[in-house]
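Quick look at entry-v1.txt (compact mmCIF, C-alpha atoms and all ligand atoms):
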```txt
# COMPACT_ATOMS: atom_id res chain seq x y z
CA MET A 1 129.83 51.11 21.12
CA GLN A 2 129.50 50.35 17.44
CA SER A 3 127.05 47.53 17.61
CA GLN A 4 124.47 49.23 19.73
CA GLU A 5 122.54 50.89 16.95
CA THR A 6 122.69 48.07 14.47
CA THR A 7 122.36 44.82 16.33
CA GLU A 8 119.21 42.92 15.48
CA SER A 9 118.12 42.60 19.04
CA ASN A 10 114.51 43.60 19.60
CA ALA A 11 115.19 44.24 23.19
CA LYS A 12 115.71 47.83 24.18
CA LYS A 13 119.06 48.88 25.56
CA THR A 14 119.47 51.88 27.75
CA LYS A 15 122.62 53.16 29.35
CA THR A 16 121.96 53.17 33.03
CA SER A 17 122.38 56.66 34.34
CA ASN A 18 122.90 55.68 37.91
CA ARG A 19 125.39 52.86 38.14
CA GLN A 20 125.44 53.13 41.91
CA ALA A 21 121.92 51.78 42.02
CA LYS A 22 123.07 48.48 40.56
CA THR A 23 125.71 47.82 43.16
CA ARG A 24 124.56 44.63 44.76
CA GLN A 25 126.47 44.86 47.97
CA GLU A 26 124.76 47.87 49.33
CA ASN A 27 127.34 48.70 51.89
CA TRP A 28 130.26 48.62 49.45
CA SER A 29 131.82 51.91 48.55
CA ILE A 30 134.76 52.83 46.38
CA ASP A 31 136.21 54.43 49.53
CA SER A 32 137.11 50.93 50.69
CA PHE A 33 139.30 50.49 47.61
CA GLN A 34 141.96 53.16 47.79
CA VAL A 35 144.89 53.04 45.41
CA PRO A 36 147.28 55.98 45.40
CA GLU A 37 148.17 57.63 42.09
CA ALA A 38 151.57 56.49 40.87
CA GLU A 39 153.73 57.94 38.16
CA GLY A 40 153.56 56.05 34.88
CA LYS A 41 150.79 53.77 36.09
CA LEU A 42 147.12 53.77 35.26
CA ARG A 43 144.69 52.96 38.03
CA PHE A 44 141.42 51.18 37.34
CA HIS A 45 139.91 54.12 39.20
CA ASP A 46 140.88 56.39 36.30
CA LEU A 47 138.72 54.48 33.82
CA ASP A 48 135.21 55.29 35.05
CA LEU A 49 134.29 51.64 35.56
CA PRO A 50 131.01 50.59 37.20
CA ASP A 51 131.18 49.96 40.94
CA GLU A 52 130.39 46.27 40.50
CA VAL A 53 133.41 45.90 38.24
CA MET A 54 135.62 47.84 40.67
CA GLN A 55 134.45 45.51 43.41
CA GLY A 56 135.46 42.52 41.32
CA ILE A 57 138.85 44.09 40.63
CA GLN A 58 139.33 44.76 44.32
CA ALA A 59 138.44 41.15 45.13
CA GLN A 60 141.12 40.04 42.65
CA GLU A 61 143.55 42.31 44.46
CA TYR A 62 144.55 44.17 41.32
CA GLN A 63 145.70 47.72 41.94
CA TYR A 64 147.16 49.19 38.78
CA CYS A 65 146.52 48.27 35.18
CA SER A 66 149.16 46.04 33.63
CA PRO A 67 150.74 47.56 30.46
CA ILE A 68 148.37 45.72 28.11
CA GLN A 69 145.38 46.81 30.20
CA ALA A 70 146.57 50.43 30.30
CA LEU A 71 146.87 50.44 26.51
CA THR A 72 143.77 48.40 25.68
CA LEU A 73 141.08 49.53 28.11
CA PRO A 74 140.83 53.24 27.20
CA GLU A 75 140.31 52.20 23.56
CA SER A 76 138.15 49.12 24.01
CA LEU A 77 135.87 50.94 26.44
CA GLN A 78 135.17 53.39 23.63
CA GLY A 79 134.06 50.49 21.46
CA MET A 80 137.14 50.41 19.28
CA ASP A 81 138.33 47.17 17.68
CA ILE A 82 141.74 46.05 18.92
CA THR A 83 144.45 43.83 17.58
CA GLY A 84 146.79 43.13 20.46
CA LYS A 85 150.17 41.48 20.49
CA ALA A 86 150.43 40.13 24.00
CA GLN A 87 151.55 37.03 25.76
CA THR A 88 149.74 34.97 28.30
CA GLY A 89 150.77 36.35 31.66
CA SER A 90 150.45 39.98 30.57
CA GLY A 91 146.96 40.39 32.02
CA LYS A 92 145.21 40.40 28.64
CA THR A 93 142.35 38.23 29.90
CA ALA A 94 141.34 40.80 32.50
CA ALA A 95 141.83 43.52 29.87
CA PHE A 96 139.15 42.15 27.57
CA LEU A 97 136.90 40.89 30.36
CA ILE A 98 136.77 44.23 32.17
CA SER A 99 135.91 45.93 28.90
CA ILE A 100 133.17 43.41 28.11
CA ILE A 101 131.60 43.45 31.56
CA THR A 102 131.57 47.25 31.65
CA ASP A 103 129.87 47.31 28.28
CA LEU A 104 127.24 44.78 29.31
CA LEU A 105 126.47 46.77 32.45
CA ASP A 106 126.42 50.13 30.72
CA TYR A 107 124.00 48.90 28.07
CA PRO A 108 121.68 46.47 29.83
CA ILE A 109 119.05 44.68 27.79
CA GLU A 110 115.52 45.08 29.01
CA GLY A 111 112.89 42.48 28.39
CA PRO A 112 113.12 38.73 27.88
CA ARG A 113 116.19 37.16 26.32
CA ARG A 114 116.37 34.16 24.07
CA LEU A 115 118.28 31.18 25.38
CA GLY A 116 121.70 30.55 23.87
CA THR A 117 122.22 34.05 22.46
CA PRO A 118 125.36 35.46 24.07
CA ARG A 119 126.14 39.17 24.03
CA ALA A 120 129.87 38.54 24.23
CA LEU A 121 131.72 35.61 22.70
CA ILE A 122 135.29 34.63 23.54
CA VAL A 123 136.89 31.99 21.36
CA ALA A 124 140.15 30.39 22.51
CA PRO A 125 142.11 27.42 21.15
CA THR A 126 142.43 25.09 24.12
CA ARG A 127 140.11 23.70 26.73
CA GLU A 128 142.40 24.79 29.53
CA LEU A 129 142.50 28.33 28.26
CA VAL A 130 138.72 28.47 27.92
CA MET A 131 138.29 27.18 31.44
CA GLN A 132 140.78 29.70 32.76
CA ILE A 133 139.08 32.59 30.97
CA ALA A 134 135.66 31.45 32.20
CA SER A 135 136.96 31.21 35.73
CA ASP A 136 138.46 34.73 35.53
CA ALA A 137 135.13 35.92 34.11
CA ASP A 138 133.26 34.28 36.99
CA GLN A 139 135.49 36.13 39.42
CA LEU A 140 135.22 39.50 37.74
CA THR A 141 131.44 39.26 37.31
CA ARG A 142 130.73 38.04 40.81
CA PHE A 143 129.19 41.35 41.92
CA THR A 144 127.07 41.64 38.76
CA ASP A 145 124.17 39.76 37.20
CA CYS A 146 126.22 38.81 34.14
CA ARG A 147 126.04 35.16 33.36
CA VAL A 148 129.11 33.30 32.09
CA ARG A 149 129.01 29.93 30.33
CA GLN A 150 131.69 27.78 28.74
CA LEU A 151 131.65 25.23 25.95
CA VAL A 152 134.65 22.96 25.61
CA GLY A 153 135.31 19.76 23.77
CA GLY A 154 136.17 16.62 25.68
CA MET A 155 133.56 17.35 28.33
CA ASP A 156 130.02 16.11 28.46
CA PHE A 157 127.94 17.75 25.73
CA GLU A 158 124.67 17.26 27.59
CA VAL A 159 125.91 18.85 30.78
CA GLN A 160 126.96 21.94 28.85
CA GLN A 161 123.68 21.95 26.96
CA LYS A 162 121.69 21.79 30.18
CA GLN A 163 123.68 24.69 31.58
CA LEU A 164 122.73 26.72 28.53
CA GLN A 165 119.07 25.79 28.80
CA LYS A 166 118.90 27.00 32.39
CA GLY A 167 118.79 30.65 31.44
CA HIS A 168 120.19 33.32 29.20
CA VAL A 169 123.93 33.71 28.71
CA ASP A 170 125.83 37.00 28.61
CA ILE A 171 129.42 35.89 28.13
CA LEU A 172 130.13 32.66 26.30
CA VAL A 173 133.68 31.27 26.31
CA ALA A 174 134.33 28.40 23.92
CA THR A 175 136.72 26.32 21.88
CA PRO A 176 135.92 26.52 18.15
CA GLY A 177 134.84 22.93 17.44
CA ARG A 178 132.46 22.54 20.34
CA LEU A 179 130.95 25.97 19.73
CA LEU A 180 130.22 25.12 16.10
CA ASP A 181 128.63 21.91 17.22
CA PHE A 182 126.28 23.85 19.48
CA CYS A 183 125.52 26.34 16.71
CA ARG A 184 124.74 23.59 14.19
CA ARG A 185 122.35 21.92 16.58
CA GLY A 186 120.62 25.22 17.20
CA TYR A 187 121.48 25.53 20.89
CA VAL A 188 123.57 28.63 20.33
CA ASN A 189 122.80 31.57 18.10
CA LEU A 190 125.49 34.15 17.50
CA ARG A 191 123.39 36.81 15.79
CA GLU A 192 123.33 39.04 18.82
CA VAL A 193 127.00 38.97 19.63
CA GLU A 194 128.13 42.50 20.41
CA VAL A 195 131.71 41.79 21.40
CA LEU A 196 133.82 39.04 19.85
CA VAL A 197 137.20 38.12 21.35
CA LEU A 198 139.58 35.89 19.44
CA ASP A 199 142.28 34.86 21.88
CA GLU A 200 145.63 33.36 20.90
CA ALA A 201 144.91 33.69 17.20
CA ASP A 202 148.36 32.36 16.31
CA ARG A 203 147.60 29.18 18.21
CA MET A 204 144.28 28.79 16.46
CA LEU A 205 146.15 29.05 13.20
CA SER A 206 148.85 26.53 14.11
CA MET A 207 146.24 24.11 15.46
CA GLY A 208 144.27 24.28 12.21
CA PHE A 209 141.20 25.99 13.65
CA ILE A 210 140.93 28.85 11.17
CA PRO A 211 138.18 27.26 9.03
CA ASP A 212 136.13 26.71 12.19
CA VAL A 213 136.80 30.24 13.38
CA ARG A 214 135.73 31.59 10.00
CA ALA A 215 132.50 29.61 10.20
CA ILE A 216 131.89 31.03 13.66
CA ILE A 217 132.57 34.60 12.65
CA ARG A 218 130.20 34.30 9.71
CA GLN A 219 127.40 33.67 12.18
CA THR A 220 128.08 36.84 14.16
CA PRO A 221 126.96 40.32 13.04
CA LYS A 222 129.05 42.11 10.38
CA LYS A 223 132.36 43.46 11.60
CA GLN A 224 131.06 47.05 11.51
CA ASP A 225 128.23 45.97 13.78
CA ARG A 226 130.23 44.19 16.46
CA GLN A 227 133.35 44.96 18.45
CA THR A 228 136.23 42.61 17.75
CA LEU A 229 139.26 42.17 19.97
CA LEU A 230 141.93 39.90 18.54
CA PHE A 231 144.94 38.82 20.56
CA SER A 232 147.96 36.93 19.37
CA ALA A 233 151.45 36.33 20.74
CA THR A 234 152.85 36.84 17.24
CA PHE A 235 151.66 38.71 14.18
CA SER A 236 152.84 36.80 11.15
CA GLU A 237 151.72 37.77 7.64
CA GLN A 238 148.91 35.27 7.90
CA ILE A 239 147.65 36.55 11.24
CA LEU A 240 147.81 40.12 9.95
CA ARG A 241 145.66 39.15 6.98
CA LEU A 242 143.11 37.42 9.18
CA ALA A 243 143.07 40.37 11.57
CA GLU A 244 142.39 42.67 8.64
CA GLN A 245 139.44 40.55 7.51
CA TRP A 246 137.91 40.21 10.93
CA THR A 247 138.37 43.61 12.55
CA PHE A 248 137.09 47.07 11.63
CA GLU A 249 139.57 49.96 11.74
CA PRO A 250 141.40 48.38 14.68
CA ILE A 251 143.86 50.01 17.02
CA HIS A 252 147.01 47.91 17.15
CA ILE A 253 148.64 47.44 20.52
CA GLU A 254 151.90 45.65 21.22
CA ILE A 255 153.45 44.42 24.40
CA GLU A 256 156.82 42.97 23.59
CA PRO A 257 157.68 39.60 25.11
CA GLU A 258 160.87 41.16 26.47
CA ASN A 259 158.75 43.14 28.93
CA LEU A 260 157.54 39.89 30.29
CA ALA A 261 160.62 37.77 30.00
CA ALA A 262 163.37 40.19 30.88
CA GLU A 263 161.90 41.76 33.95
CA SER A 264 160.55 38.97 36.03
CA VAL A 265 162.07 35.72 34.78
CA GLU A 266 165.73 34.82 35.16
CA GLN A 267 166.73 32.62 32.26
CA ARG A 268 169.52 30.07 32.49
CA PHE A 269 170.75 27.61 29.92
CA LEU A 270 172.63 24.47 30.89
CA SER A 271 174.68 22.46 28.47
CA VAL A 272 173.62 18.89 29.33
CA SER A 273 174.18 15.69 27.39
CA SER A 274 170.95 13.85 26.72
CA PHE A 275 172.32 10.99 28.82
CA ASP A 276 172.57 13.23 31.92
CA LYS A 277 169.35 15.21 31.45
CA TYR A 278 167.17 13.16 33.73
CA ARG A 279 169.72 13.10 36.55
CA VAL A 280 170.17 16.88 36.33
CA LEU A 281 166.41 17.42 36.39
CA LEU A 282 165.90 15.12 39.35
CA ASN A 283 168.68 16.74 41.36
CA SER A 284 167.40 20.21 40.49
CA LEU A 285 163.89 19.32 41.60
CA ARG A 286 165.17 17.91 44.86
CA ASN A 287 166.90 21.19 45.54
CA GLY A 288 165.09 23.07 48.32
CA ASP A 289 164.51 26.22 46.21
CA VAL A 290 161.96 24.58 43.96
CA GLU A 291 158.53 25.36 45.35
CA ARG A 292 156.42 24.64 42.33
CA ALA A 293 157.80 23.69 38.93
CA ILE A 294 156.63 22.96 35.44
CA VAL A 295 158.79 20.71 33.29
CA PHE A 296 158.23 21.05 29.56
CA ALA A 297 159.11 18.42 26.99
CA ASN A 298 158.25 18.27 23.30
CA ARG A 299 156.79 14.79 23.03
CA ARG A 300 153.88 13.25 24.87
CA HIS A 301 155.64 9.98 25.53
CA VAL A 302 158.63 11.83 26.99
CA THR A 303 156.37 13.75 29.37
CA ARG A 304 154.67 10.53 30.39
CA GLU A 305 157.95 8.73 31.05
CA LEU A 306 159.33 11.70 32.95
CA ALA A 307 156.29 12.03 35.20
CA GLU A 308 156.38 8.30 35.99
CA ARG A 309 160.11 8.26 36.62
CA LEU A 310 160.00 11.30 38.88
CA GLN A 311 157.17 9.77 40.82
CA ARG A 312 159.17 6.57 41.28
CA ASP A 313 162.13 8.62 42.45
CA GLY A 314 160.03 10.25 45.14
CA VAL A 315 159.24 13.60 43.47
CA SER A 316 155.49 14.11 43.61
CA SER A 317 154.65 14.99 40.03
CA ALA A 318 151.77 14.85 37.60
CA LEU A 319 151.33 14.73 33.86
CA LEU A 320 149.49 17.30 31.77
CA SER A 321 149.36 16.33 28.13
CA GLY A 322 146.82 15.75 25.42
CA GLU A 323 146.65 12.05 26.27
CA VAL A 324 145.27 12.73 29.74
CA ALA A 325 141.46 12.74 29.85
CA GLN A 326 139.98 16.18 30.29
CA GLN A 327 138.32 15.50 33.64
CA LYS A 328 141.59 14.23 34.99
CA ARG A 329 143.47 17.24 33.65
CA VAL A 330 141.17 19.56 35.56
CA LYS A 331 141.80 17.68 38.79
CA THR A 332 145.54 17.52 38.10
CA LEU A 333 145.66 21.28 37.57
CA GLU A 334 143.74 21.84 40.76
CA ARG A 335 146.21 19.74 42.74
CA PHE A 336 149.04 21.71 41.20
CA ARG A 337 147.28 24.95 42.07
CA THR A 338 146.86 23.95 45.69
CA GLY A 339 150.46 22.76 45.91
CA GLU A 340 149.53 19.15 46.59
CA THR A 341 151.49 18.09 43.51
CA PRO A 342 154.37 20.55 43.23
CA VAL A 343 155.74 19.33 39.90
CA MET A 344 153.86 19.24 36.62
CA VAL A 345 155.29 17.70 33.47
CA ALA A 346 153.62 19.16 30.40
CA THR A 347 153.60 19.43 26.65
CA ASP A 348 153.28 22.86 25.07
CA VAL A 349 149.63 22.68 24.15
CA ALA A 350 148.55 21.42 27.56
CA GLY A 351 150.99 23.73 29.31
CA ARG A 352 149.35 26.80 27.88
CA GLY A 353 146.40 26.17 30.12
CA ILE A 354 148.47 26.45 33.25
CA HIS A 355 147.70 29.81 34.78
CA VAL A 356 148.97 29.36 38.26
CA ASP A 357 150.70 32.02 40.28
CA GLY A 358 153.63 31.03 42.45
CA VAL A 359 155.41 28.79 39.92
CA SER A 360 159.02 29.20 41.04
CA HIS A 361 160.71 27.24 38.24
CA VAL A 362 160.15 26.30 34.64
CA PHE A 363 162.41 23.59 33.22
CA ASN A 364 162.76 23.12 29.50
CA TYR A 365 163.74 19.49 29.39
CA ASP A 366 163.86 19.93 25.62
CA LEU A 367 164.14 23.22 23.81
CA PRO A 368 160.84 23.84 22.04
CA GLU A 369 160.78 23.16 18.32
CA GLU A 370 158.49 26.14 17.79
CA LEU A 371 160.65 28.81 19.31
CA GLU A 372 157.71 31.07 20.10
CA ASP A 373 156.75 28.42 22.61
CA TYR A 374 159.86 29.29 24.59
CA VAL A 375 158.31 32.62 25.55
CA HIS A 376 155.02 30.95 26.43
CA ARG A 377 156.77 28.35 28.54
CA ILE A 378 158.87 30.71 30.59
CA GLY A 379 155.85 32.99 30.97
CA ARG A 380 154.36 30.30 33.26
CA THR A 381 156.69 31.60 35.95
CA GLY A 382 157.32 35.19 36.99
CA ARG A 383 153.63 35.91 36.66
CA ALA A 384 151.94 39.01 37.97
CA GLY A 385 155.13 40.67 39.10
CA ALA A 386 156.64 37.71 41.03
CA SER A 387 160.09 36.51 40.09
CA GLY A 388 160.83 33.13 38.57
CA LEU A 389 163.65 31.04 37.19
CA ALA A 390 163.58 29.33 33.80
CA ILE A 391 166.22 26.63 33.27
CA SER A 392 166.63 25.22 29.79
CA PHE A 393 168.63 22.14 28.94
CA ALA A 394 170.50 22.35 25.66
CA SER A 395 171.73 18.93 24.57
CA GLU A 396 173.44 17.62 21.47
CA ASP A 397 169.95 17.02 20.05
CA ASP A 398 168.63 20.55 20.22
CA ALA A 399 171.44 23.05 20.90
CA PHE A 400 171.29 23.96 17.21
CA LEU A 401 168.10 25.91 18.03
CA LEU A 402 169.98 28.37 20.26
CA PRO A 403 171.08 30.90 17.59
CA ASP A 404 167.48 31.34 16.41
CA LEU A 405 166.34 31.66 20.00
CA GLU A 406 168.95 34.37 20.55
CA THR A 407 167.49 36.24 17.60
CA LEU A 408 163.97 35.88 18.96
CA LEU A 409 164.98 37.09 22.40
CA GLY A 410 167.20 39.80 20.96
CA LYS A 411 170.08 39.01 23.30
CA PRO A 412 172.95 36.56 23.57
CA ILE A 413 172.48 33.25 25.34
CA THR A 414 175.25 31.85 27.49
CA CYS A 415 175.20 28.11 28.01
CA GLU A 416 176.63 27.13 31.38
CA PRO A 417 178.19 23.76 32.15
CA VAL A 418 176.17 21.66 34.61
CA PRO A 419 177.28 22.17 38.23
CA GLN A 420 178.90 18.98 39.50
CA GLU A 421 176.41 18.46 42.32
CA LEU A 422 173.57 18.15 39.81
CA LEU A 423 175.31 15.26 38.08
CA GLU A 424 175.77 13.18 41.20
CA GLY A 425 173.75 10.22 42.35
P1 LIG B 501 146.76 36.55 31.82
O1 LIG B 501 147.77 37.23 30.95
O2 LIG B 501 145.40 37.00 31.50
O3 LIG B 501 146.95 35.09 31.82
O4 LIG B 501 147.00 37.06 33.35
C1 LIG B 501 148.14 36.77 34.09
C2 LIG B 501 147.95 36.89 35.59
O5 LIG B 501 147.99 38.25 35.98
C3 LIG B 501 146.65 36.33 36.12
O6 LIG B 501 146.97 35.56 37.25
C4 LIG B 501 145.86 37.54 36.54
O7 LIG B 501 145.03 37.29 37.65
C5 LIG B 501 146.93 38.54 36.90
N1 LIG B 501 146.55 39.93 36.65
C6 LIG B 501 145.83 40.41 35.62
N2 LIG B 501 145.72 41.75 35.71
C7 LIG B 501 146.38 42.13 36.81
C8 LIG B 501 146.63 43.41 37.43
N3 LIG B 501 146.18 44.53 36.90
N4 LIG B 501 147.36 43.41 38.55
C9 LIG B 501 147.85 42.26 39.07
N5 LIG B 501 147.65 41.04 38.54
C10 LIG B 501 146.94 40.96 37.42
```

Show me the file's structure as structure tokens.
Amino acid sequence: MQSQETTESNAKKTKTSNRQAKTRQENWSIDSFQVPEAEGKLRFHDLDLPDEVMQGIQAQEYQYCSPIQALTLPESLQGMDITGKAQTGSGKTAAFLISIITDLLDYPIEGPRRLGTPRALIVAPTRELVMQIASDADQLTRFTDCRVRQLVGGMDFEVQQKQLQKGHVDILVATPGRLLDFCRRGYVNLREVEVLVLDEADRMLSMGFIPDVRAIIRQTPKKQDRQTLLFSATFSEQILRLAEQWTFEPIHIEIEPENLAAESVEQRFLSVSSFDKYRVLLNSLRNGDVERAIVFANRRHVTRELAERLQRDGVSSALLSGEVAQQKRVKTLERFRTGETPVMVATDVAGRGIHVDGVSHVFNYDLPEELEDYVHRIGRTGRAGASGLAISFASEDDAFLLPDLETLLGKPITCEPVPQELLEG
């Protein structure tokens, strides 16, 4: 890859000729991971990945590459820069992680490593997203020696610092502010970053993180000397300009949201007066079909009131919003993941961290003010090929957003009246 010749590392890198030798589970063989060829699908087997990575993929029970992986991996494995338009739920995390891990294994560093100098850096806008990426990285690296660390705001600085002091780090996943903090205090040095991933660039822009991201990128090697993978759900003029500054002769890859939304998520719109909204939500949640649901609302106080009211009405539900302390959010997410709390009420920012399979329903209690968020919200269900139902309430307060949403989705929206049984009680 591009950075190999130019990185300032004194350590010597050699491509291992015999990957088999590094396989840690001696008795594992690719024969135990058979996936038949299928028309129009790319298998991970076709990508010449190290055995340890294939083992990780097998453990995750992935068989074929998702569309973003099939488009990204052949290019990123060659060291190309990528700008990718892809939503959460498309499998983009595994796409960049598999590429990174393969690269780290193919070009191991011999000799001692300095503490706090990651070889791959992944920057993402929210704590939840960072934690999710780090957890996926832990899974995919579990048959390798690669070491993954995360730095997120809102969690104990010292604990994260101690983790970093324990030994070298290969893959660092971080939110921008906390990462800069670590850089300024000299605990992290980005001069040896070989692969830089900027995830959800549009979110970083809307959350005001671009100055921080710029400061981070300035500390990494020049763009010609590193590989940069930039992902964003949308490519506005501004994002395009940033992508141009930060990447070197990138390959642009697009996965349209329709692929995600149209195929696996059924979308329904109910015309509900704001007076009836709560009753309709409660009755819908009590309906036996709802296994696990996320309810989105635009304002924190609305999410709080909803979670409390549902709880009082006997629907076990939890709140995920910016006003919930980070430690508690992690526990809340875990209870949602295990099914202990089947309903989660969330704001958009917090909701982006929810990567849980088996979400049967997404309710839009309010239509999102940023329409792009609609796609993110409904992408919480119908993940990884499962089907899901997204029900959006359109009331007198927000129905005016529907024409623009139709344009975004590229198809007409039909608003149904509320079925009588959902208004009762
Ligand atoms: P992401 O877009 O990275 O949030 O991934 C969405 C979900 O798809 C995660 O639960 C992944 O574990 C899952 N996933 C990623 N790649 C694959 C694949 N090739 N086959 C099946 N599931 C996948």

- Query: What is the CA of Glu406 (chain A) to CA of Asp373 (chain A) distance in Å?
  - Reply: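 For CA of Glu406 (chain A) relative to CA of Asp373 (chain A), the distance reads 13.7 Å.
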
- Hey, which residues come within 7 Å of ligand LIG 501 (chain B) if we count only C-alpha atoms and all ligand atoms? Could you give them as a PyMOL selection string? chain A and resi 60-66+87-94+355-357+383-384

Give one line per residue of region 190-292 of chain A that approaches region 169-173 of chain A to at most 10 Å, naming the two atoms of the closest pair and their distance in Å to one decimal, counting all atoms listed in the file; sort by chain then ascending residue number and deliver it as a Markdown table.
```
| residue | atom | partner | partner_atom | distance |
| --- | --- | --- | --- | --- |
| A:Val193 | CA | A:Asp170 | CA | 9.3 |
| A:Val195 | CA | A:Ile171 | CA | 9.2 |
| A:Leu196 | CA | A:Leu172 | CA | 9.8 |
| A:Val197 | CA | A:Val173 | CA | 9.2 |
```

- Using all atoms listed in the file, which residues sit within 7 Å of region 226-236 of chain A once same-chain residues fewer than 3 positions away are excluded, as number ranges by chain? A: 2-3, 79-87, 193-202, 221-223, 239-240, 247

- Message: From the options A:Glu249, A:Glu305, A:Ala243, A:Met344, which residue's atoms come nearest to Ala293 (chain A), counting all atoms listed in the file?
- Response: A:Met344

- Mind checking which residues fall within 10 Å of Phe33 (chain A), counting all atoms listed in the file, ignoring those fewer than 6 positions away in the same chain, and posting them as a list in words? His45, Met54, Gln55, Ile57, Gln58, Ala59, Glu61 and Gln63 of chain A
